[in-house]
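Have a look at the structure below, then the notes.
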Amino acid sequence: MSVSRFWRKIPQRYNLVGTKCTTCGRHFFPPRSLCPDCRRSGNIVDHKFTGEGAVVTYTVIRSASDQFENTTPYVLAVVELDEGPRLTTQVACPIEDIKIGMRVKSVFRRIAADGESGTIHYGTKFVPAE
Amino acid sequence: MRDVAVIGVGCTEFGEHWGTSFRDLFVKAGALALEDAGVTGERLDALYVGNMSAGRFVEQEHIGALIADYAGLATNNTPSTRVEAACASGGLAFRQAVIAVASGMEDVVVAAGVEKMTDVGTGASVDMLASAADREWEGFAGATFPGLYAMIANDYMHRYPLTREQLALVAVKNHENGAKNPIAQFRNRITVDTVLNSSLVADPLRLFDCSPITDGAAAVVVVPLERAREFTDSPVRVLASAQASDTIALHDRRDISTLDASVAAGKRAFTQAGLTHKDIDMLEVHDCFTIAEICAIEDLGFCKKGEAGRLTADGATALGGEIPVNTSGGLKACGHPVGATGIKQIYEIVSQLRGEAGARQVDAEIGMAHNVGGTGATVVVHILGA
Ligand SMILES: [Zn+2]
């Protein structure tokens with residue numbers, strides 16, 4: 001991933017900053033700059049999420065792309081944030097512990113290493129909340 | 001709007017073509033289709049070529065022109081357009097050709113699909129296929145393409161009575177069909193144990209739940225129905241051409257286990273054709289993973305949500321069954337050169353409707369093709385009739 005492409009998303013990736021439509025109250029993470037419900041009558045502002053939510057579905061990745069091959073196996077999940085939106089994330093927990101419905105919270109972690117450049121990418125992962 | 005007919009089809013063998021280049025694969029499929037249609041290249045008004053990622057698989061963009069050139073059409077200056085919708089690129093190329101002919105703008109049109117995937121290593125191809133989903137918000141987090149479908153499978157199995165064995169039976173059935181298809185990448189029969197003993201890729205999906213990495217090309221020729229008899233005694237009519245979109249990311253879907261774009265495209269196709277499910281004699285669906293075939297059968301409305309596993313176990317989707325699904329062997333056994341798959345589905349249905357499917361022949365007058373891009377962000381559905 002190019003450096004500019006990565007740095008552009010740092011507030012979102014590091015601090016779980018998404019957006020909110022003040023017209024209808026709907027929250028977005030990943031952030032959207034257009035509300036699909038209100039379209040042009042929507043009003044989008046930044047919103048920092050609390051980082052608490054629950055696992056909707058999950059898998060254990062055993063075979064990954066080159067960037068992630070050193071970290072397999074790892075748990076990947078769709079997490080629903082308490083504010084409503086869903087995102088795709090790794091859950092840092094023993095693979096036998098992951099369950100649908102499990103409460104999780106966000107943490108700041110290393111995500112992947114870029115093989116060629118050696119750049120380490122950081123971002124948000126989730127861990128069990130209890 | 002004019003009615004449209006398919007007058008010729010061609011397909012390379014699917015598999016690892018170490019000795020054949022990207023352009024040669026396409027030329028072979030195109031030549032087979034033109035020969036079958038009884039038309040010569042200079043009569044073509046246009047080409048539409050489905051291709052997902054030649055830029056990354058073989059570092060070549062500008063595929064439309066390349067293909068027209070090596071098909072010998074550069075001196076005719078024949079227009080050629082690349083069409084891209086990830087794994088649905090082929091179905092979409094066919095739809096563009098149908099629209100062009102139906103509109104009256106063009107008369108004799110080739111729709112083709114081509115992908116050369118084996119020139120890169122597995123890690124690189126896993127990374128490329130992940131770009132069919134949301135690179136920024138799924139891929140970055142470590143999602144692989146099998147991983148996303150695995151999350152569909154886990155959500156599905158949490159909510160509906162689908163057993164691991166029923167899921168394996170999708171692959172067993174598709175290998176059974178592939179064994180009877182001379183162009184299939186895998187022509188070996190497998191058992192439930194083969195699937196259950198294969199290595200885990202993304203829980204609960206194992207290696208034999210996944211379609212392979214494949215090289216291949218397919219092409220078909222379409223013309224206005226009113227002109228079809230100039231070329232062939234057995235034209236196949238395009239009864240419906242429908243397309244639908246959904247969110248690019250799986251996490252944004254209304255329902256993880258339902259491809260709403262399949263539901264929408266299926267409904268639009270039935271409405272266009274004025275047909276019901278009972279009229280469809282065979283289905284080619286997008287089984288990039290076993291769970292995808294289960295969802296497709298349900299989302300297209302051939303049974304209720306949660307019932308496709310039992311339908312598969314009962315043999316209803318096998319060659320002799322009530323509604324044969326993936327007589328070609330599907331993506332699983334026939335292979336999945338992503339850009340070519342949607343055209344291969346048309347090739348298979350036309351072969352079946354013309355009674356040319358050999359050992360895998362079913363009794364069919366009307367067939368449906370279902371081609372999915374990504375995890376369901378694009379779905380293309382066609383209905384063809386003899
Ligand atoms: Zn809104």
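To be explicit about the labels: the chains of the structure tokens are called A, B, and onward in the order shown, and within each one the residues are counted from 1, while ligands get numbers from 1 in the order they are shown.
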
Around ligand 1, out to 12 Å and counting only C-alpha atoms and all ligand atoms, which residues are there? I want them as a ChimeraX atom specification.
/A:19-28,32-45

Rows by chain and residue number, chain B within 6 Å of chain A, shortest pair, only C-alpha atoms, as JSON lines:
```
{"residue": "B:Gly123", "atom": "CA", "partner": "A:Ser65", "partner_atom": "CA", "distance": 4.6}
{"residue": "B:Val126", "atom": "CA", "partner": "A:Ser65", "partner_atom": "CA", "distance": 5.4}
{"residue": "B:Asp127", "atom": "CA", "partner": "A:Ser65", "partner_atom": "CA", "distance": 5.1}
{"residue": "B:Glu138", "atom": "CA", "partner": "A:Thr88", "partner_atom": "CA", "distance": 5.6}
{"residue": "B:Ala141", "atom": "CA", "partner": "A:Thr89", "partner_atom": "CA", "distance": 5.4}
{"residue": "B:Ala150", "atom": "CA", "partner": "A:Thr59", "partner_atom": "CA", "distance": 6.0}
{"residue": "B:Met151", "atom": "CA", "partner": "A:Tyr58", "partner_atom": "CA", "distance": 5.1}
{"residue": "B:Asp155", "atom": "CA", "partner": "A:Thr57", "partner_atom": "CA", "distance": 5.5}
{"residue": "B:Val201", "atom": "CA", "partner": "A:Arg62", "partner_atom": "CA", "distance": 5.1}
{"residue": "B:Ala202", "atom": "CA", "partner": "A:Ile61", "partner_atom": "CA", "distance": 4.6}
{"residue": "B:Asp203", "atom": "CA", "partner": "A:Thr59", "partner_atom": "CA", "distance": 5.2}
{"residue": "B:His251", "atom": "CA", "partner": "A:Arg86", "partner_atom": "CA", "distance": 5.5}
```

Where does DSSP see strand (DSSP E) in range 6-122 of chain A, if you list the residues as JSON, numbers by chain?
{"A": [17, 18, 19, 20, 21, 27, 28, 44, 45, 46, 47, 48, 52, 53, 54, 55, 56, 57, 58, 59, 60, 61, 74, 75, 76, 77, 78, 79, 80, 81, 86, 87, 88, 89, 90, 91, 103, 104, 105, 106, 107, 108, 109, 110, 111, 112, 113, 120, 121, 122]}

If you run DSSP on this backbone, which residues of range 13-73 of chain A come out as helix (DSSP H, G or I), and could you give them as a PyMOL selection string?
chain A and resi 13-15+66-71

I want to know what sits within 8 Å of range 255-266 of chain B, based on only C-alpha atoms, with residues of the same chain fewer than 2 positions away left out; could you give that as a count of residues only?
29

Near-Glu84 in chain B list (12 Å; only C-alpha atoms; drop same-chain fewer than 4 positions) as a PDB file with all heavy atoms, in the first residue's frame:
```pdb
ATOM      1  N   TYR B  48     -16.820  -7.338 -26.876  1.00  0.00           N
ATOM      2  CA  TYR B  48     -16.838  -6.969 -25.459  1.00  0.00           C
ATOM      3  C   TYR B  48     -16.096  -8.058 -24.706  1.00  0.00           C
ATOM      4  O   TYR B  48     -16.441  -9.236 -24.819  1.00  0.00           O
ATOM      5  CB  TYR B  48     -18.272  -6.819 -24.941  1.00  0.00           C
ATOM      6  CG  TYR B  48     -18.964  -5.636 -25.581  1.00  0.00           C
ATOM      7  CD1 TYR B  48     -19.647  -5.771 -26.785  1.00  0.00           C
ATOM      8  CD2 TYR B  48     -18.889  -4.380 -24.990  1.00  0.00           C
ATOM      9  CE1 TYR B  48     -20.247  -4.682 -27.397  1.00  0.00           C
ATOM     10  CE2 TYR B  48     -19.498  -3.272 -25.591  1.00  0.00           C
ATOM     11  CZ  TYR B  48     -20.172  -3.435 -26.794  1.00  0.00           C
ATOM     12  OH  TYR B  48     -20.759  -2.358 -27.391  1.00  0.00           O
ATOM     13  N   VAL B  49     -15.051  -7.664 -23.962  1.00  0.00           N
ATOM     14  CA  VAL B  49     -14.170  -8.649 -23.344  1.00  0.00           C
ATOM     15  C   VAL B  49     -14.190  -8.497 -21.828  1.00  0.00           C
ATOM     16  O   VAL B  49     -13.815  -7.448 -21.300  1.00  0.00           O
ATOM     17  CB  VAL B  49     -12.719  -8.474 -23.843  1.00  0.00           C
ATOM     18  CG1 VAL B  49     -11.842  -9.575 -23.270  1.00  0.00           C
ATOM     19  CG2 VAL B  49     -12.678  -8.470 -25.360  1.00  0.00           C
ATOM     20  N   GLY B  50     -14.620  -9.537 -21.140  1.00  0.00           N
ATOM     21  CA  GLY B  50     -14.609  -9.543 -19.681  1.00  0.00           C
ATOM     22  C   GLY B  50     -13.242  -9.956 -19.180  1.00  0.00           C
ATOM     23  O   GLY B  50     -12.712 -10.981 -19.600  1.00  0.00           O
ATOM     24  N   ASN B  51     -12.670  -9.137 -18.306  1.00  0.00           N
ATOM     25  CA  ASN B  51     -11.359  -9.460 -17.740  1.00  0.00           C
ATOM     26  C   ASN B  51     -11.238  -8.745 -16.419  1.00  0.00           C
ATOM     27  O   ASN B  51     -11.483  -7.551 -16.330  1.00  0.00           O
ATOM     28  CB  ASN B  51     -10.247  -9.024 -18.706  1.00  0.00           C
ATOM     29  CG  ASN B  51      -8.875  -9.182 -18.087  1.00  0.00           C
ATOM     30  OD1 ASN B  51      -8.263  -8.214 -17.659  1.00  0.00           O
ATOM     31  ND2 ASN B  51      -8.412 -10.413 -18.006  1.00  0.00           N
ATOM     32  N   MET B  52     -10.840  -9.474 -15.370  1.00  0.00           N
ATOM     33  CA  MET B  52     -10.777  -8.839 -14.059  1.00  0.00           C
ATOM     34  C   MET B  52      -9.482  -8.066 -13.859  1.00  0.00           C
ATOM     35  O   MET B  52      -9.498  -6.922 -13.455  1.00  0.00           O
ATOM     36  CB  MET B  52     -10.896  -9.871 -12.940  1.00  0.00           C
ATOM     37  CG  MET B  52     -10.699  -9.238 -11.562  1.00  0.00           C
ATOM     38  SD  MET B  52     -10.782 -10.414 -10.219  1.00  0.00           S
ATOM     39  CE  MET B  52     -10.198  -9.384  -8.854  1.00  0.00           C
ATOM     40  N   SER B  53      -8.350  -8.717 -14.098  1.00  0.00           N
ATOM     41  CA  SER B  53      -7.125  -8.103 -13.597  1.00  0.00           C
ATOM     42  C   SER B  53      -5.887  -8.459 -14.397  1.00  0.00           C
ATOM     43  O   SER B  53      -4.860  -8.787 -13.836  1.00  0.00           O
ATOM     44  CB  SER B  53      -6.925  -8.498 -12.125  1.00  0.00           C
ATOM     45  OG  SER B  53      -6.058  -7.607 -11.499  1.00  0.00           O
ATOM     46  N   ALA B  54      -5.958  -8.330 -15.720  1.00  0.00           N
ATOM     47  CA  ALA B  54      -4.758  -8.578 -16.526  1.00  0.00           C
ATOM     48  C   ALA B  54      -3.633  -7.653 -16.075  1.00  0.00           C
ATOM     49  O   ALA B  54      -2.460  -8.022 -16.112  1.00  0.00           O
ATOM     50  CB  ALA B  54      -5.052  -8.379 -18.005  1.00  0.00           C
ATOM     51  N   GLY B  55      -3.981  -6.467 -15.627  1.00  0.00           N
ATOM     52  CA  GLY B  55      -2.978  -5.510 -15.162  1.00  0.00           C
ATOM     53  C   GLY B  55      -2.104  -6.087 -14.071  1.00  0.00           C
ATOM     54  O   GLY B  55      -0.906  -5.820 -14.020  1.00  0.00           O
ATOM     55  N   GLU B  61      -2.597  -3.848 -19.449  1.00  0.00           N
ATOM     56  CA  GLU B  61      -3.911  -3.213 -19.515  1.00  0.00           C
ATOM     57  C   GLU B  61      -4.253  -3.014 -20.996  1.00  0.00           C
ATOM     58  O   GLU B  61      -3.544  -3.492 -21.859  1.00  0.00           O
ATOM     59  CB  GLU B  61      -3.908  -1.860 -18.786  1.00  0.00           C
ATOM     60  CG  GLU B  61      -3.411  -1.901 -17.347  1.00  0.00           C
ATOM     61  CD  GLU B  61      -4.360  -2.595 -16.376  1.00  0.00           C
ATOM     62  OE1 GLU B  61      -5.351  -3.215 -16.821  1.00  0.00           O
ATOM     63  OE2 GLU B  61      -4.111  -2.516 -15.162  1.00  0.00           O
ATOM     64  N   HIS B  62      -5.327  -2.307 -21.265  1.00  0.00           N
ATOM     65  CA  HIS B  62      -5.748  -2.025 -22.638  1.00  0.00           C
ATOM     66  C   HIS B  62      -6.044  -3.335 -23.388  1.00  0.00           C
ATOM     67  O   HIS B  62      -5.621  -3.552 -24.532  1.00  0.00           O
ATOM     68  CB  HIS B  62      -4.656  -1.224 -23.376  1.00  0.00           C
ATOM     69  CG  HIS B  62      -5.252  -0.330 -24.431  1.00  0.00           C
ATOM     70  ND1 HIS B  62      -4.516   0.610 -25.107  1.00  0.00           N
ATOM     71  CD2 HIS B  62      -6.512  -0.239 -24.925  1.00  0.00           C
ATOM     72  CE1 HIS B  62      -5.296   1.244 -25.968  1.00  0.00           C
ATOM     73  NE2 HIS B  62      -6.509   0.751 -25.877  1.00  0.00           N
ATOM     74  N   ILE B  63      -6.790  -4.182 -22.675  1.00  0.00           N
ATOM     75  CA  ILE B  63      -7.084  -5.538 -23.153  1.00  0.00           C
ATOM     76  C   ILE B  63      -7.973  -5.556 -24.400  1.00  0.00           C
ATOM     77  O   ILE B  63      -7.804  -6.398 -25.277  1.00  0.00           O
ATOM     78  CB  ILE B  63      -7.792  -6.311 -22.011  1.00  0.00           C
ATOM     79  CG1 ILE B  63      -6.852  -6.472 -20.816  1.00  0.00           C
ATOM     80  CG2 ILE B  63      -8.326  -7.655 -22.473  1.00  0.00           C
ATOM     81  CD1 ILE B  63      -5.497  -6.967 -21.175  1.00  0.00           C
ATOM     82  N   GLY B  64      -8.914  -4.591 -24.467  1.00  0.00           N
ATOM     83  CA  GLY B  64      -9.822  -4.571 -25.618  1.00  0.00           C
ATOM     84  C   GLY B  64      -9.048  -4.503 -26.929  1.00  0.00           C
ATOM     85  O   GLY B  64      -9.222  -5.330 -27.834  1.00  0.00           O
ATOM     86  N   ALA B  88     -17.463 -11.232 -11.983  1.00  0.00           N
ATOM     87  CA  ALA B  88     -18.656 -11.139 -12.836  1.00  0.00           C
ATOM     88  C   ALA B  88     -18.328 -10.452 -14.162  1.00  0.00           C
ATOM     89  O   ALA B  88     -19.246 -10.112 -14.922  1.00  0.00           O
ATOM     90  CB  ALA B  88     -19.775 -10.383 -12.118  1.00  0.00           C
ATOM     91  N   SER B  89     -17.059 -10.258 -14.472  1.00  0.00           N
ATOM     92  CA  SER B  89     -16.677  -9.545 -15.697  1.00  0.00           C
ATOM     93  C   SER B  89     -17.233 -10.228 -16.944  1.00  0.00           C
ATOM     94  O   SER B  89     -17.685  -9.559 -17.882  1.00  0.00           O
ATOM     95  CB  SER B  89     -15.148  -9.449 -15.793  1.00  0.00           C
ATOM     96  OG  SER B  89     -14.624  -8.752 -14.693  1.00  0.00           O
ATOM     97  N   GLY B  90     -17.200 -11.555 -16.981  1.00  0.00           N
ATOM     98  CA  GLY B  90     -17.682 -12.298 -18.146  1.00  0.00           C
ATOM     99  C   GLY B  90     -19.175 -12.127 -18.351  1.00  0.00           C
ATOM    100  O   GLY B  90     -19.641 -11.834 -19.462  1.00  0.00           O
ATOM    101  N   GLY B  91     -19.947 -12.293 -17.289  1.00  0.00           N
ATOM    102  CA  GLY B  91     -21.400 -12.131 -17.375  1.00  0.00           C
ATOM    103  C   GLY B  91     -21.761 -10.727 -17.817  1.00  0.00           C
ATOM    104  O   GLY B  91     -22.699 -10.508 -18.596  1.00  0.00           O
ATOM    105  N   LEU B  92     -20.976  -9.768 -17.323  1.00  0.00           N
ATOM    106  CA  LEU B  92     -21.230  -8.373 -17.659  1.00  0.00           C
ATOM    107  C   LEU B  92     -20.871  -8.089 -19.118  1.00  0.00           C
ATOM    108  O   LEU B  92     -21.572  -7.324 -19.793  1.00  0.00           O
ATOM    109  CB  LEU B  92     -20.405  -7.488 -16.728  1.00  0.00           C
ATOM    110  CG  LEU B  92     -20.965  -6.111 -16.452  1.00  0.00           C
ATOM    111  CD1 LEU B  92     -22.369  -6.209 -15.901  1.00  0.00           C
ATOM    112  CD2 LEU B  92     -20.080  -5.374 -15.465  1.00  0.00           C
ATOM    113  N   ALA B  93     -19.802  -8.709 -19.624  1.00  0.00           N
ATOM    114  CA  ALA B  93     -19.422  -8.547 -21.032  1.00  0.00           C
ATOM    115  C   ALA B  93     -20.539  -9.098 -21.921  1.00  0.00           C
ATOM    116  O   ALA B  93     -20.908  -8.493 -22.938  1.00  0.00           O
ATOM    117  CB  ALA B  93     -18.104  -9.266 -21.322  1.00  0.00           C
ATOM    118  N   PHE B  94     -21.093 -10.240 -21.523  1.00  0.00           N
ATOM    119  CA  PHE B  94     -22.207 -10.811 -22.287  1.00  0.00           C
ATOM    120  C   PHE B  94     -23.398  -9.851 -22.285  1.00  0.00           C
ATOM    121  O   PHE B  94     -24.010  -9.589 -23.314  1.00  0.00           O
ATOM    122  CB  PHE B  94     -22.604 -12.178 -21.712  1.00  0.00           C
ATOM    123  CG  PHE B  94     -23.700 -12.853 -22.487  1.00  0.00           C
ATOM    124  CD1 PHE B  94     -23.473 -13.363 -23.759  1.00  0.00           C
ATOM    125  CD2 PHE B  94     -24.983 -12.985 -21.953  1.00  0.00           C
ATOM    126  CE1 PHE B  94     -24.490 -13.976 -24.493  1.00  0.00           C
ATOM    127  CE2 PHE B  94     -26.002 -13.603 -22.667  1.00  0.00           C
ATOM    128  CZ  PHE B  94     -25.748 -14.100 -23.942  1.00  0.00           C
ATOM    129  N   ARG B  95     -23.669  -9.303 -21.114  1.00  0.00           N
ATOM    130  CA  ARG B  95     -24.797  -8.360 -21.010  1.00  0.00           C
ATOM    131  C   ARG B  95     -24.577  -7.118 -21.873  1.00  0.00           C
ATOM    132  O   ARG B  95     -25.511  -6.622 -22.517  1.00  0.00           O
ATOM    133  CB  ARG B  95     -24.996  -7.971 -19.536  1.00  0.00           C
ATOM    134  CG  ARG B  95     -26.150  -7.029 -19.296  1.00  0.00           C
ATOM    135  CD  ARG B  95     -26.491  -6.960 -17.812  1.00  0.00           C
ATOM    136  NE  ARG B  95     -27.035  -5.671 -17.452  1.00  0.00           N
ATOM    137  CZ  ARG B  95     -28.287  -5.272 -17.702  1.00  0.00           C
ATOM    138  NH1 ARG B  95     -29.126  -6.081 -18.305  1.00  0.00           N
ATOM    139  NH2 ARG B  95     -28.695  -4.077 -17.357  1.00  0.00           N
ATOM    140  N   GLN B  96     -23.345  -6.614 -21.919  1.00  0.00           N
ATOM    141  CA  GLN B  96     -23.054  -5.444 -22.767  1.00  0.00           C
ATOM    142  C   GLN B  96     -23.280  -5.772 -24.239  1.00  0.00           C
ATOM    143  O   GLN B  96     -23.805  -4.950 -24.997  1.00  0.00           O
ATOM    144  CB  GLN B  96     -21.612  -4.961 -22.546  1.00  0.00           C
ATOM    145  CG  GLN B  96     -21.357  -4.384 -21.161  1.00  0.00           C
ATOM    146  CD  GLN B  96     -22.350  -3.324 -20.758  1.00  0.00           C
ATOM    147  OE1 GLN B  96     -22.553  -2.335 -21.477  1.00  0.00           O
ATOM    148  NE2 GLN B  96     -23.022  -3.497 -19.637  1.00  0.00           N
ATOM    149  N   ALA B 112     -16.755 -12.020 -24.879  1.00  0.00           N
ATOM    150  CA  ALA B 112     -15.723 -12.975 -24.485  1.00  0.00           C
ATOM    151  C   ALA B 112     -15.279 -12.701 -23.073  1.00  0.00           C
ATOM    152  O   ALA B 112     -15.574 -11.658 -22.493  1.00  0.00           O
ATOM    153  CB  ALA B 112     -14.541 -12.874 -25.440  1.00  0.00           C
ATOM    154  N   GLY B 113     -14.551 -13.668 -22.518  1.00  0.00           N
ATOM    155  CA  GLY B 113     -13.940 -13.484 -21.205  1.00  0.00           C
ATOM    156  C   GLY B 113     -12.624 -14.212 -21.201  1.00  0.00           C
ATOM    157  O   GLY B 113     -12.493 -15.274 -21.821  1.00  0.00           O
ATOM    158  N   VAL B 114     -11.642 -13.640 -20.519  1.00  0.00           N
ATOM    159  CA  VAL B 114     -10.327 -14.282 -20.481  1.00  0.00           C
ATOM    160  C   VAL B 114      -9.609 -13.915 -19.186  1.00  0.00           C
ATOM    161  O   VAL B 114      -9.734 -12.806 -18.687  1.00  0.00           O
ATOM    162  CB  VAL B 114      -9.478 -13.886 -21.723  1.00  0.00           C
ATOM    163  CG1 VAL B 114      -9.356 -12.385 -21.860  1.00  0.00           C
ATOM    164  CG2 VAL B 114      -8.093 -14.544 -21.696  1.00  0.00           C
ATOM    165  N   GLU B 115      -8.896 -14.885 -18.629  1.00  0.00           N
ATOM    166  CA  GLU B 115      -8.059 -14.608 -17.458  1.00  0.00           C
ATOM    167  C   GLU B 115      -6.896 -15.579 -17.471  1.00  0.00           C
ATOM    168  O   GLU B 115      -7.071 -16.773 -17.751  1.00  0.00           O
ATOM    169  CB  GLU B 115      -8.857 -14.782 -16.152  1.00  0.00           C
ATOM    170  CG  GLU B 115      -8.350 -13.928 -15.006  1.00  0.00           C
ATOM    171  CD  GLU B 115      -8.804 -12.459 -15.101  1.00  0.00           C
ATOM    172  OE1 GLU B 115     -10.009 -12.209 -15.206  1.00  0.00           O
ATOM    173  OE2 GLU B 115      -7.927 -11.576 -15.080  1.00  0.00           O
ATOM    174  N   ALA B 132     -11.342  -7.833  -5.206  1.00  0.00           N
ATOM    175  CA  ALA B 132     -12.743  -7.885  -5.648  1.00  0.00           C
ATOM    176  C   ALA B 132     -13.658  -7.411  -4.529  1.00  0.00           C
ATOM    177  O   ALA B 132     -14.815  -7.073  -4.755  1.00  0.00           O
ATOM    178  CB  ALA B 132     -13.123  -9.310  -6.053  1.00  0.00           C
ATOM    179  N   VAL B 338     -11.293 -16.004 -13.637  1.00  0.00           N
ATOM    180  CA  VAL B 338     -12.371 -15.111 -13.200  1.00  0.00           C
ATOM    181  C   VAL B 338     -13.104 -14.366 -14.327  1.00  0.00           C
ATOM    182  O   VAL B 338     -14.325 -14.397 -14.379  1.00  0.00           O
ATOM    183  CB  VAL B 338     -11.941 -14.151 -12.069  1.00  0.00           C
ATOM    184  CG1 VAL B 338     -11.880 -14.867 -10.753  1.00  0.00           C
ATOM    185  CG2 VAL B 338     -10.586 -13.539 -12.349  1.00  0.00           C
ATOM    186  N   GLY B 339     -12.364 -13.745 -15.234  1.00  0.00           N
ATOM    187  CA  GLY B 339     -13.039 -12.990 -16.298  1.00  0.00           C
ATOM    188  C   GLY B 339     -13.777 -13.867 -17.293  1.00  0.00           C
ATOM    189  O   GLY B 339     -14.702 -13.421 -17.974  1.00  0.00           O
ATOM    190  N   ALA B 340     -13.381 -15.128 -17.409  1.00  0.00           N
ATOM    191  CA  ALA B 340     -13.973 -16.029 -18.405  1.00  0.00           C
ATOM    192  C   ALA B 340     -15.188 -16.785 -17.886  1.00  0.00           C
ATOM    193  O   ALA B 340     -16.017 -17.265 -18.672  1.00  0.00           O
ATOM    194  CB  ALA B 340     -12.923 -17.035 -18.885  1.00  0.00           C
ATOM    195  N   GLY B 342     -18.127 -16.155 -16.485  1.00  0.00           N
ATOM    196  CA  GLY B 342     -19.490 -15.785 -16.886  1.00  0.00           C
ATOM    197  C   GLY B 342     -19.807 -16.169 -18.322  1.00  0.00           C
ATOM    198  O   GLY B 342     -20.949 -16.495 -18.653  1.00  0.00           O
ATOM    199  N   VAL B 372     -21.385 -13.835 -10.149  1.00  0.00           N
ATOM    200  CA  VAL B 372     -21.236 -12.914  -9.015  1.00  0.00           C
ATOM    201  C   VAL B 372     -19.867 -12.243  -9.038  1.00  0.00           C
ATOM    202  O   VAL B 372     -18.853 -12.909  -9.236  1.00  0.00           O
ATOM    203  CB  VAL B 372     -21.398 -13.671  -7.682  1.00  0.00           C
ATOM    204  CG1 VAL B 372     -21.165 -12.729  -6.494  1.00  0.00           C
ATOM    205  CG2 VAL B 372     -22.775 -14.305  -7.575  1.00  0.00           C
ATOM    206  N   GLY B 373     -19.843 -10.939  -8.803  1.00  0.00           N
ATOM    207  CA  GLY B 373     -18.593 -10.211  -8.620  1.00  0.00           C
ATOM    208  C   GLY B 373     -18.368  -9.944  -7.145  1.00  0.00           C
ATOM    209  O   GLY B 373     -19.282  -9.507  -6.455  1.00  0.00           O
ATOM    210  N   GLY B 374     -17.151 -10.225  -6.662  1.00  0.00           N
ATOM    211  CA  GLY B 374     -16.835 -10.021  -5.248  1.00  0.00           C
ATOM    212  C   GLY B 374     -17.660 -10.943  -4.386  1.00  0.00           C
ATOM    213  O   GLY B 374     -17.915 -12.097  -4.744  1.00  0.00           O
ATOM    214  N   THR B 378     -21.739  -7.210  -7.278  1.00  0.00           N
ATOM    215  CA  THR B 378     -22.344  -7.220  -8.612  1.00  0.00           C
ATOM    216  C   THR B 378     -22.880  -8.616  -8.876  1.00  0.00           C
ATOM    217  O   THR B 378     -22.188  -9.602  -8.602  1.00  0.00           O
ATOM    218  CB  THR B 378     -21.309  -6.895  -9.712  1.00  0.00           C
ATOM    219  OG1 THR B 378     -20.797  -5.579  -9.505  1.00  0.00           O
ATOM    220  CG2 THR B 378     -21.946  -6.966 -11.106  1.00  0.00           C
TER     221      THR B 378
END
```

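Among the candidates B:Ala85, B:Val27, B:Met117, B:Val101, the residue lying nearest to Glu226 in chain B is B:Val101 (atoms considered: only C-alpha atoms).
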